[in-house]
$ cat protein_36.cif   # mmCIF, C-alpha atoms
data_start
loop_
_atom_site.group_PDB
_atom_site.id
_atom_site.type_symbol
_atom_site.label_atom_id
_atom_site.label_comp_id
_atom_site.auth_asym_id
_atom_site.auth_seq_id
_atom_site.Cartn_x
_atom_site.Cartn_y
_atom_site.Cartn_z
ATOM 1 C CA MET A 1 76.020 124.314 113.526
ATOM 2 C CA ASN A 2 74.942 120.656 113.741
ATOM 3 C CA SER A 3 74.612 120.366 109.960
ATOM 4 C CA GLU A 4 78.100 121.843 109.553
ATOM 5 C CA ILE A 5 79.530 119.271 112.004
ATOM 6 C CA THR A 6 77.697 116.461 110.188
ATOM 7 C CA ASP A 7 79.080 117.619 106.837
ATOM 8 C CA ARG A 8 82.621 117.685 108.228
ATOM 9 C CA ASN A 9 82.198 114.208 109.649
ATOM 10 C CA GLU A 10 80.910 112.835 106.355
ATOM 11 C CA THR A 11 83.796 114.474 104.490
ATOM 12 C CA HIS A 12 86.262 112.996 106.987
ATOM 13 C CA ILE A 13 84.853 109.492 106.471
ATOM 14 C CA ALA A 14 84.780 109.831 102.664
ATOM 15 C CA LEU A 15 88.430 110.940 102.595
ATOM 16 C CA MET A 16 89.410 108.063 104.899
ATOM 17 C CA ARG A 17 87.787 105.579 102.538
ATOM 18 C CA ARG A 18 89.395 107.110 99.472
ATOM 19 C CA ALA A 19 92.811 106.997 101.138
ATOM 20 C CA GLY A 20 92.172 103.415 102.217
ATOM 21 C CA TYR A 21 91.315 102.177 98.725
ATOM 22 C CA ILE A 22 94.279 103.953 97.107
ATOM 23 C CA ALA A 23 96.677 102.582 99.721
ATOM 24 C CA LEU A 24 95.157 99.090 99.534
ATOM 25 C CA PHE A 25 95.493 98.532 95.803
ATOM 26 C CA GLY A 26 98.722 100.503 95.413
ATOM 27 C CA ASN A 27 100.537 98.664 98.193
ATOM 28 C CA LEU A 28 99.133 95.283 97.163
ATOM 29 C CA ALA A 29 100.590 95.736 93.680
ATOM 30 C CA LEU A 30 103.943 96.889 95.069
ATOM 31 C CA ALA A 31 104.104 94.105 97.659
ATOM 32 C CA CYS A 32 103.433 91.380 95.078
ATOM 33 C CA ALA A 33 106.010 92.828 92.674
ATOM 34 C CA LYS A 34 108.734 93.176 95.331
ATOM 35 C CA ILE A 35 108.189 89.769 96.913
ATOM 36 C CA ILE A 36 108.241 88.034 93.502
ATOM 37 C CA LEU A 37 111.342 89.959 92.379
ATOM 38 C CA GLY A 38 112.970 89.418 95.769
ATOM 39 C CA LYS A 39 112.350 85.686 95.496
ATOM 40 C CA ILE A 40 113.748 85.553 91.968
ATOM 41 C CA SER A 41 116.845 87.596 92.859
ATOM 42 C CA GLY A 42 117.345 85.996 96.279
ATOM 43 C CA SER A 43 117.656 89.440 97.909
ATOM 44 C CA LEU A 44 116.559 89.484 101.544
ATOM 45 C CA ALA A 45 116.545 93.299 101.527
ATOM 46 C CA VAL A 46 114.023 93.373 98.653
ATOM 47 C CA MET A 47 111.954 90.631 100.307
ATOM 48 C CA GLY A 48 111.926 92.677 103.508
ATOM 49 C CA ASP A 49 110.792 95.746 101.566
ATOM 50 C CA GLY A 50 107.973 93.656 100.106
ATOM 51 C CA ILE A 51 106.934 92.390 103.544
ATOM 52 C CA ASP A 52 106.825 96.003 104.745
ATOM 53 C CA SER A 53 104.451 96.788 101.872
ATOM 54 C CA LEU A 54 102.234 93.933 103.048
ATOM 55 C CA THR A 55 101.953 95.698 106.419
ATOM 56 C CA ASP A 56 100.776 98.748 104.462
ATOM 57 C CA VAL A 57 98.089 96.564 102.874
ATOM 58 C CA ALA A 58 96.959 95.634 106.397
ATOM 59 C CA ILE A 59 96.935 99.335 107.323
ATOM 60 C CA ALA A 60 94.745 100.129 104.311
ATOM 61 C CA LEU A 61 92.291 97.347 105.159
ATOM 62 C CA MET A 62 92.071 98.580 108.732
ATOM 63 C CA THR A 63 91.502 102.142 107.506
ATOM 64 C CA LEU A 64 88.493 100.991 105.486
ATOM 65 C CA ILE A 65 87.090 99.034 108.433
ATOM 66 C CA VAL A 66 87.611 101.936 110.838
ATOM 67 C CA SER A 67 85.961 104.412 108.468
ATOM 68 C CA THR A 68 82.772 102.352 108.827
ATOM 69 C CA VAL A 69 83.008 102.229 112.628
ATOM 70 C CA VAL A 70 83.656 105.962 113.147
ATOM 71 C CA SER A 71 80.696 106.859 110.933
ATOM 72 C CA ARG A 72 78.297 105.484 113.540
ATOM 73 C CA PRO A 73 76.582 108.141 115.684
ATOM 74 C CA GLY A 74 76.907 108.231 119.455
ATOM 75 C CA ASP A 75 74.764 105.858 121.489
ATOM 76 C CA LYS A 76 74.110 105.016 125.158
ATOM 77 C CA GLU A 77 77.345 103.034 125.455
ATOM 78 C CA HIS A 78 79.401 105.533 123.425
ATOM 79 C CA PRO A 79 78.018 109.039 124.093
ATOM 80 C CA TRP A 80 81.147 110.623 122.552
ATOM 81 C CA GLY A 81 80.678 108.606 119.362
ATOM 82 C CA HIS A 82 83.040 105.986 117.945
ATOM 83 C CA GLY A 83 85.955 108.201 116.918
ATOM 84 C CA ARG A 84 88.392 106.498 119.284
ATOM 85 C CA ALA A 85 88.196 103.395 117.070
ATOM 86 C CA GLU A 86 90.610 105.215 114.773
ATOM 87 C CA THR A 87 93.090 105.771 117.612
ATOM 88 C CA THR A 88 92.832 102.165 118.778
ATOM 89 C CA ALA A 89 93.306 100.842 115.242
ATOM 90 C CA THR A 90 96.328 103.074 114.668
ATOM 91 C CA MET A 91 97.908 101.736 117.853
ATOM 92 C CA ALA A 92 97.219 98.175 116.702
ATOM 93 C CA LEU A 93 98.952 99.004 113.424
ATOM 94 C CA SER A 94 102.056 100.030 115.333
ATOM 95 C CA PHE A 95 102.254 96.460 116.680
ATOM 96 C CA ILE A 96 101.905 95.040 113.148
ATOM 97 C CA ILE A 97 104.702 97.286 111.894
ATOM 98 C CA PHE A 98 106.858 96.417 114.928
ATOM 99 C CA PHE A 99 106.340 92.682 114.350
ATOM 100 C CA ALA A 100 107.317 92.983 110.671
ATOM 101 C CA GLY A 101 110.478 94.845 111.673
ATOM 102 C CA THR A 102 111.537 92.292 114.267
ATOM 103 C CA GLN A 103 110.920 89.372 111.885
ATOM 104 C CA LEU A 104 113.073 91.015 109.229
ATOM 105 C CA ALA A 105 115.805 91.636 111.819
ATOM 106 C CA ARG A 106 115.782 87.964 112.799
ATOM 107 C CA SER A 107 116.088 86.826 109.179
ATOM 108 C CA SER A 108 118.893 89.295 108.496
ATOM 109 C CA LEU A 109 120.879 88.263 111.566
ATOM 110 C CA GLY A 110 120.328 84.597 110.681
ATOM 111 C CA GLN A 111 121.822 85.080 107.212
ATOM 112 C CA LEU A 112 124.771 87.038 108.559
ATOM 113 C CA ILE A 113 125.552 84.504 111.284
ATOM 114 C CA ASN A 114 125.095 81.438 109.044
ATOM 115 C CA ARG A 115 126.507 83.165 105.924
ATOM 116 C CA SER A 116 123.548 81.811 103.971
ATOM 117 C CA TYR A 117 123.207 84.804 101.655
ATOM 118 C CA LYS A 118 123.684 84.508 97.895
ATOM 119 C CA SER A 119 127.154 84.885 96.455
ATOM 120 C CA GLU A 120 126.042 87.588 94.019
ATOM 121 C CA VAL A 121 123.427 90.334 94.002
ATOM 122 C CA SER A 122 121.132 90.334 90.958
ATOM 123 C CA MET A 123 120.220 93.342 88.818
ATOM 124 C CA ILE A 124 116.602 92.315 89.376
ATOM 125 C CA ALA A 125 116.992 93.350 93.018
ATOM 126 C CA LEU A 126 118.138 96.817 91.940
ATOM 127 C CA ALA A 127 115.136 97.132 89.612
ATOM 128 C CA ALA A 128 112.774 96.111 92.421
ATOM 129 C CA ALA A 129 114.203 98.751 94.772
ATOM 130 C CA ALA A 130 113.877 101.455 92.098
ATOM 131 C CA LEU A 131 110.266 100.387 91.430
ATOM 132 C CA SER A 132 109.518 100.622 95.149
ATOM 133 C CA ILE A 133 110.858 104.180 95.407
ATOM 134 C CA GLY A 134 108.711 105.393 92.497
ATOM 135 C CA GLY A 135 105.530 103.668 93.664
ATOM 136 C CA LYS A 136 105.904 104.692 97.310
ATOM 137 C CA THR A 137 106.547 108.323 96.376
ATOM 138 C CA ILE A 138 103.193 108.492 94.573
ATOM 139 C CA LEU A 139 101.357 106.729 97.411
ATOM 140 C CA ALA A 140 102.968 108.838 100.151
ATOM 141 C CA ALA A 141 102.046 112.083 98.371
ATOM 142 C CA THR A 142 98.442 110.887 98.010
ATOM 143 C CA GLN A 143 98.142 109.808 101.655
ATOM 144 C CA TYR A 144 99.731 113.028 102.912
ATOM 145 C CA THR A 145 97.274 115.164 100.911
ATOM 146 C CA LEU A 146 94.214 113.176 102.006
ATOM 147 C CA GLY A 147 95.470 113.033 105.597
ATOM 148 C CA LYS A 148 95.770 116.826 105.738
ATOM 149 C CA LYS A 149 92.329 117.330 104.226
ATOM 150 C CA SER A 150 90.622 114.864 106.567
ATOM 151 C CA GLY A 151 92.680 115.554 109.690
ATOM 152 C CA SER A 152 92.834 111.777 110.217
ATOM 153 C CA ALA A 153 95.634 110.648 112.547
ATOM 154 C CA MET A 154 95.469 107.215 110.977
ATOM 155 C CA ILE A 155 95.999 108.445 107.401
ATOM 156 C CA GLN A 156 98.727 110.843 108.516
ATOM 157 C CA ALA A 157 100.473 108.005 110.364
ATOM 158 C CA ASN A 158 100.222 105.942 107.196
ATOM 159 C CA ALA A 159 101.705 108.798 105.162
ATOM 160 C CA GLN A 160 104.543 109.080 107.674
ATOM 161 C CA ASN A 161 105.066 105.336 107.403
ATOM 162 C CA MET A 162 105.239 105.591 103.599
ATOM 163 C CA LEU A 163 107.765 108.438 103.767
ATOM 164 C CA GLY A 164 109.832 106.073 105.872
ATOM 165 C CA ASP A 165 109.312 103.426 103.196
ATOM 166 C CA ILE A 166 110.814 105.745 100.573
ATOM 167 C CA VAL A 167 113.899 106.277 102.705
ATOM 168 C CA MET A 168 114.003 102.551 103.382
ATOM 169 C CA SER A 169 113.751 101.651 99.685
ATOM 170 C CA ALA A 170 116.457 104.192 98.896
ATOM 171 C CA GLY A 171 118.611 102.494 101.524
ATOM 172 C CA VAL A 172 117.867 99.114 99.959
ATOM 173 C CA LEU A 173 118.823 100.445 96.532
ATOM 174 C CA THR A 174 122.064 101.889 97.897
ATOM 175 C CA GLY A 175 122.889 98.751 99.867
ATOM 176 C CA ILE A 176 122.341 96.212 97.121
ATOM 177 C CA GLY A 177 123.957 98.561 94.600
ATOM 178 C CA ALA A 178 127.070 98.704 96.774
ATOM 179 C CA ALA A 179 126.916 94.935 97.275
ATOM 180 C CA ARG A 180 126.968 94.410 93.509
ATOM 181 C CA LEU A 181 129.530 97.137 92.806
ATOM 182 C CA PHE A 182 132.028 95.989 95.442
ATOM 183 C CA ARG A 183 131.186 92.283 95.062
ATOM 184 C CA CYS A 184 130.231 92.061 98.735
ATOM 185 C CA PRO A 185 126.902 90.159 98.933
ATOM 186 C CA ALA A 186 126.949 90.352 102.762
ATOM 187 C CA LEU A 187 125.825 93.964 102.341
ATOM 188 C CA ASP A 188 122.367 92.697 101.323
ATOM 189 C CA PRO A 189 121.435 91.245 104.778
ATOM 190 C CA VAL A 190 123.258 94.166 106.433
ATOM 191 C CA THR A 191 120.983 96.543 104.505
ATOM 192 C CA ALA A 192 117.968 94.436 105.486
ATOM 193 C CA LEU A 193 119.024 94.732 109.142
ATOM 194 C CA LEU A 194 119.184 98.540 108.866
ATOM 195 C CA VAL A 195 115.765 98.497 107.196
ATOM 196 C CA SER A 196 114.355 96.514 110.133
ATOM 197 C CA ALA A 197 115.729 99.089 112.597
ATOM 198 C CA TRP A 198 113.963 101.859 110.643
ATOM 199 C CA VAL A 199 110.669 99.934 110.653
ATOM 200 C CA ILE A 200 110.875 99.306 114.408
ATOM 201 C CA LYS A 201 111.672 102.982 115.074
ATOM 202 C CA ASN A 202 108.560 104.088 113.136
ATOM 203 C CA ALA A 203 106.402 101.579 115.013
ATOM 204 C CA VAL A 204 107.574 102.879 118.394
ATOM 205 C CA ALA A 205 106.949 106.515 117.350
ATOM 206 C CA ILE A 206 103.388 105.767 116.188
ATOM 207 C CA PHE A 207 102.659 103.790 119.385
ATOM 208 C CA SER A 208 103.922 106.664 121.545
ATOM 209 C CA ASP A 209 101.723 109.246 119.790
ATOM 210 C CA MET A 210 98.592 107.089 119.981
ATOM 211 C CA ASN A 211 99.238 106.157 123.609
ATOM 212 C CA THR A 212 99.282 109.862 124.482
ATOM 213 C CA GLU A 213 95.935 110.300 122.711
ATOM 214 C CA LEU A 214 94.339 107.282 124.411
ATOM 215 C CA MET A 215 95.475 108.641 127.783
ATOM 216 C CA ASP A 216 93.676 111.918 126.945
ATOM 217 C CA GLY A 217 97.045 113.664 126.766
ATOM 218 C CA ASN A 218 97.860 116.626 124.548
ATOM 219 C CA THR A 219 101.369 117.929 123.906
ATOM 220 C CA ASP A 220 100.174 120.816 121.702
ATOM 221 C CA ARG A 221 100.336 123.931 123.902
ATOM 222 C CA GLY A 222 99.470 126.152 120.935
ATOM 223 C CA ILE A 223 95.877 124.959 120.829
ATOM 224 C CA TYR A 224 95.461 125.851 124.515
ATOM 225 C CA LYS A 225 96.641 129.387 123.796
ATOM 226 C CA ARG A 226 94.111 129.703 120.985
ATOM 227 C CA LEU A 227 91.402 128.483 123.360
ATOM 228 C CA PHE A 228 92.298 131.058 126.033
ATOM 229 C CA ASP A 229 92.586 133.875 123.470
ATOM 230 C CA ALA A 230 89.180 133.023 121.999
ATOM 231 C CA ALA A 231 87.515 132.940 125.430
ATOM 232 C CA SER A 232 89.135 136.213 126.533
ATOM 233 C CA SER A 233 87.893 137.945 123.377
ATOM 234 C CA VAL A 234 84.289 137.686 124.613
ATOM 235 C CA PRO A 235 83.155 140.769 126.633
ATOM 236 C CA GLY A 236 82.372 139.949 130.253
ATOM 237 C CA VAL A 237 84.771 136.993 130.482
ATOM 238 C CA SER A 238 87.689 136.997 132.918
ATOM 239 C CA HIS A 239 90.232 134.421 134.062
ATOM 240 C CA PRO A 240 89.633 131.530 131.652
ATOM 241 C CA HIS A 241 91.214 128.539 133.390
ATOM 242 C CA ARG A 242 91.053 124.817 134.114
ATOM 243 C CA ALA A 243 91.204 124.050 130.419
ATOM 244 C CA ARG A 244 91.334 120.446 129.271
ATOM 245 C CA ILE A 245 91.630 119.383 125.645
ATOM 246 C CA ARG A 246 91.631 115.851 124.297
ATOM 247 C CA LYS A 247 91.457 114.456 120.798
ATOM 248 C CA ILE A 248 88.809 112.070 119.524
ATOM 249 C CA ALA A 249 89.942 110.880 116.086
ATOM 250 C CA SER A 250 90.466 114.110 114.132
ATOM 251 C CA ARG A 251 88.346 116.363 116.392
ATOM 252 C CA TRP A 252 88.734 118.140 119.734
ATOM 253 C CA ASP A 253 86.770 117.720 122.947
ATOM 254 C CA MET A 254 87.240 120.666 125.357
ATOM 255 C CA ASP A 255 86.402 121.735 128.907
ATOM 256 C CA LEU A 256 86.920 125.304 130.138
ATOM 257 C CA ASP A 257 86.060 127.345 133.239
ATOM 258 C CA ILE A 258 85.429 131.097 132.952
ATOM 259 C CA GLU A 259 84.589 133.791 135.489
ATOM 260 C CA VAL A 260 81.793 136.362 135.071
ATOM 261 C CA ASP A 261 80.224 139.049 137.257
ATOM 262 C CA GLY A 262 78.646 137.228 140.220
ATOM 263 C CA LYS A 263 75.641 139.549 140.176
ATOM 264 C CA MET A 264 74.782 138.573 136.620
ATOM 265 C CA SER A 265 71.578 136.604 135.981
ATOM 266 C CA VAL A 266 71.799 132.934 135.031
ATOM 267 C CA ALA A 267 70.403 133.739 131.584
ATOM 268 C CA ALA A 268 73.047 136.422 130.983
ATOM 269 C CA ALA A 269 75.857 134.136 132.180
ATOM 270 C CA HIS A 270 74.561 131.383 129.916
ATOM 271 C CA GLU A 271 74.601 133.779 126.947
ATOM 272 C CA ILE A 272 78.256 134.639 127.642
ATOM 273 C CA ALA A 273 79.100 130.922 127.815
ATOM 274 C CA ARG A 274 77.342 130.429 124.487
ATOM 275 C CA GLN A 275 79.369 133.287 122.950
ATOM 276 C CA VAL A 276 82.579 131.709 124.279
ATOM 277 C CA GLU A 277 81.663 128.433 122.600
ATOM 278 C CA GLY A 278 81.084 130.244 119.298
ATOM 279 C CA ALA A 279 84.378 132.138 119.568
ATOM 280 C CA VAL A 280 86.281 128.912 120.246
ATOM 281 C CA ARG A 281 84.667 127.099 117.307
ATOM 282 C CA ARG A 282 85.647 129.980 115.018
ATOM 283 C CA ALA A 283 89.229 129.985 116.301
ATOM 284 C CA ILE A 284 89.773 126.218 116.322
ATOM 285 C CA PRO A 285 88.466 124.038 113.477
ATOM 286 C CA ASP A 286 86.986 120.592 114.107
ATOM 287 C CA VAL A 287 85.776 121.084 117.686
ATOM 288 C CA TYR A 288 83.602 118.077 118.516
ATOM 289 C CA ASP A 289 82.267 119.499 121.778
ATOM 290 C CA ILE A 290 83.126 122.237 124.281
ATOM 291 C CA MET A 291 81.832 122.448 127.838
ATOM 292 C CA VAL A 292 82.031 125.946 129.356
ATOM 293 C CA HIS A 293 81.631 126.134 133.140
ATOM 294 C CA VAL A 294 80.695 129.546 134.579
ATOM 295 C CA GLU A 295 81.950 130.735 138.003
ATOM 296 C CA PRO A 296 81.396 134.009 139.931
ATOM 297 C CA GLN A 297 84.346 136.350 139.466
ATOM 298 C CA GLY A 298 87.073 135.920 142.110
ATOM 299 C CA MET A 299 85.626 132.744 143.578
ATOM 300 C CA SER A 300 87.611 130.063 141.731
ATOM 301 C CA ASP A 301 89.179 127.332 143.855
ATOM 302 C CA GLU A 302 92.971 127.758 144.000
ATOM 303 C CA ASN A 303 93.348 124.089 144.915
ATOM 304 C CA GLU A 304 91.839 122.812 141.666
ATOM 305 C CA GLN A 305 93.994 119.954 140.411
ATOM 306 C CA TYR A 306 92.779 119.577 136.857
ATOM 307 C CA GLY A 307 93.383 121.508 133.663
ATOM 308 C CA LEU A 308 95.723 124.233 132.445
ATOM 309 C CA ASP A 309 95.790 127.946 133.215
ATOM 310 C CA GLU A 310 96.975 130.723 130.909
ATOM 311 C CA SER A 311 100.298 130.815 132.754
ATOM 312 C CA ASP A 312 100.921 127.196 131.722
ATOM 313 C CA VAL A 313 101.052 128.036 128.005
ATOM 314 C CA GLN A 314 102.951 131.327 127.986
#
$ encode --input "protein_36.cif" --output "structure tokens"
Amino acid sequence: MNSEITDRNETHIALMRRAGYIALFGNLALACAKIILGKISGSLAVMGDGIDSLTDVAIALMTLIVSTVVSRPGDKEHPWGHGRAETTATMALSFIIFFAGTQLARSSLGQLINRSYKSEVSMIALAAAALSIGGKTILAATQYTLGKKSGSAMIQANAQNMLGDIVMSAGVLTGIGAARLFRCPALDPVTALLVSAWVIKNAVAIFSDMNTELMDGNTDRGIYKRLFDAASSVPGVSHPHRARIRKIASRWDMDLDIEVDGKMSVAAAHEIARQVEGAVRRAIPDVYDIMVHVEPQGMSDENEQYGLDESDVQ
């Protein structure tokens, strides 16, 4: 069992690093291209798209750093390991993304208020937006695949961010295309303003998800049902209750109370608890640890304040 957990952890770290390197070099190339083309064309929308790609470069760098941290085993100060570094880093990334969005919004509003935008939208800006869509589509598909394989919240958040980038780049292409077609250059900063709203929205969504995880929250009721079903499948187990599930990086840490015959020996009760742990690990992949507490049948405390019962997930 321990060797299997170690193998999964090593695979998780290897996939994180692979995703990090692909995202790093891919986004760096896209960011440089879009910022240069945005500067040449004078398009704030394209410049903003390039700045957003620079935030993706920061995400990739952080992914590589975090993959080193989470690979460390547990120690006296961190008995649960260092998996939460991934959650903390992902939350920090949400602030980076939020900052990029607000800066772009300020620049866009400044151009609209001062009417400092260019009098004509260049074809170079259209080419830059089209390049961004193609490059981001490839990167998003790669991150999504590696995120699913590794179960990494950080890579999946990055994939979600890149899907947003595709929509954003499509919006940029539409906006500057309309600005050129209808000879209305003000549409360029207007498009950039809409892009900034999209970036800020994604940042808030990522922050909310990671805040729930840091607070040991879990909105997935389905995994609780699988836990209860697995425990109830073991002969001799009754009333599985007081379940608590939290996520540490891509893995689950669980607590569960079960009831057994009060006349049973300690050794027999321990064996049932061990069977429950095995049943749960078979039913739910990537369980980091599960603590099964045994109680005599019919003697559970009705005033217990912590955890979920089966009735809570029906």
$ residues_around --input "protein_36.cif" --residues "Trp80 in chain A" --least-positions-apart "2" --cutoff "12 Å" --atoms "all atoms listed in the file" --output "list of chain:residue names"
A:Val70, A:Arg72, A:Pro73, A:Gly74, A:Asp75, A:Lys76, A:Glu77, A:His78, A:His82, A:Gly83, A:Arg84, A:Ala85, A:Arg246, A:Lys247, A:Ile248, A:Ala249, A:Arg251, A:Trp252, A:Asp253, A:Tyr288, A:Asp289, A:Ile290
$ residues_around --input "protein_36.cif" --residues "Lys263 in chain A" --least-positions-apart "4" --cutoff "10 Å" --atoms "all atoms listed in the file" --output "PyMOL selection string"
chain A and resi 269+296-297
$ write_last_selection --input "protein_36.cif" --atoms "C-alpha atoms" --output "PDB file, keeping the file's coordinate frame"
ATOM      1  CA  ALA A 269      75.857 134.136 132.180  1.00  0.00           C
ATOM      2  CA  PRO A 296      81.396 134.009 139.931  1.00  0.00           C
ATOM      3  CA  GLN A 297      84.346 136.350 139.466  1.00  0.00           C
TER       4      GLN A 297
END
$ closest_residue --input "protein_36.cif" --among "A:Ser122, A:Thr90, A:Asn161, A:Ser169" --to "Leu37 in chain A" --atoms "all atoms listed in the file"
A:Ser122
$ atom_distance --input "protein_36.cif" --atom1 "CA of Pro240 in chain A" --atom2 "CA of Thr219 in chain A"
19.6 Å
$ axis_aligned_box --input "protein_36.cif" --around "range 183-196 of chain A" --padding-each-side "5 Å" --output "JSON"
{"center_x": 122.8, "center_y": 94.3, "center_z": 102.6, "size_x": 26.8, "size_y": 18.4, "size_z": 25.1}
$ resolve_selection --input "protein_36.cif" --expression "the PyMOL selection byres ((chain A and resi 231) around 8)" --output "VMD selection string"
chain A and resid 227 to 230 232 to 234 237 240 276 to 277 279 to 280
$ atom_distance --input "protein_36.cif" --atom1 "CA of Ala45 in chain A" --atom2 "CA of Asp188 in chain A"
5.9 Å
$ atom_distance --input "protein_36.cif" --atom1 "CA of Arg180 in chain A" --atom2 "CA of Lys136 in chain A"
23.7 Å
$ residues_around --input "protein_36.cif" --residues "range 204-208 of chain A" --least-positions-apart "2" --cutoff "12 Å" --atoms "only C-alpha atoms" --output "MDAnalysis selection string"
chainID A and resid 87:99 101 153:161 164 197:202 210:215 217 219
$ resolve_selection --input "protein_36.cif" --expression "the PyMOL selection byres ((chain A and resi 192) around 7)" --output "PDB file with C-alpha atoms, keeping the file's coordinate frame"
ATOM      1  CA  LEU A  44     116.559  89.484 101.544  1.00  0.00           C
ATOM      2  CA  ALA A  45     116.545  93.299 101.527  1.00  0.00           C
ATOM      3  CA  GLY A  48     111.926  92.677 103.508  1.00  0.00           C
ATOM      4  CA  SER A 108     118.893  89.295 108.496  1.00  0.00           C
ATOM      5  CA  ASP A 188     122.367  92.697 101.323  1.00  0.00           C
ATOM      6  CA  PRO A 189     121.435  91.245 104.778  1.00  0.00           C
ATOM      7  CA  VAL A 190     123.258  94.166 106.433  1.00  0.00           C
ATOM      8  CA  THR A 191     120.983  96.543 104.505  1.00  0.00           C
ATOM      9  CA  LEU A 193     119.024  94.732 109.142  1.00  0.00           C
ATOM     10  CA  LEU A 194     119.184  98.540 108.866  1.00  0.00           C
ATOM     11  CA  VAL A 195     115.765  98.497 107.196  1.00  0.00           C
ATOM     12  CA  SER A 196     114.355  96.514 110.133  1.00  0.00           C
TER      13      SER A 196
END
$ resolve_selection --input "protein_36.cif" --expression "the PyMOL selection byres ((chain A and resi 47) around 10)" --output "PyMOL selection string"
chain A and resi 31+33-46+48-53+104+125+128+192
$ closest_residue --input "protein_36.cif" --among "A:Asn218, A:Ser238, A:Ser107, A:Asn114" --to "Gly307 in chain A" --atoms "all atoms listed in the file"
A:Asn218
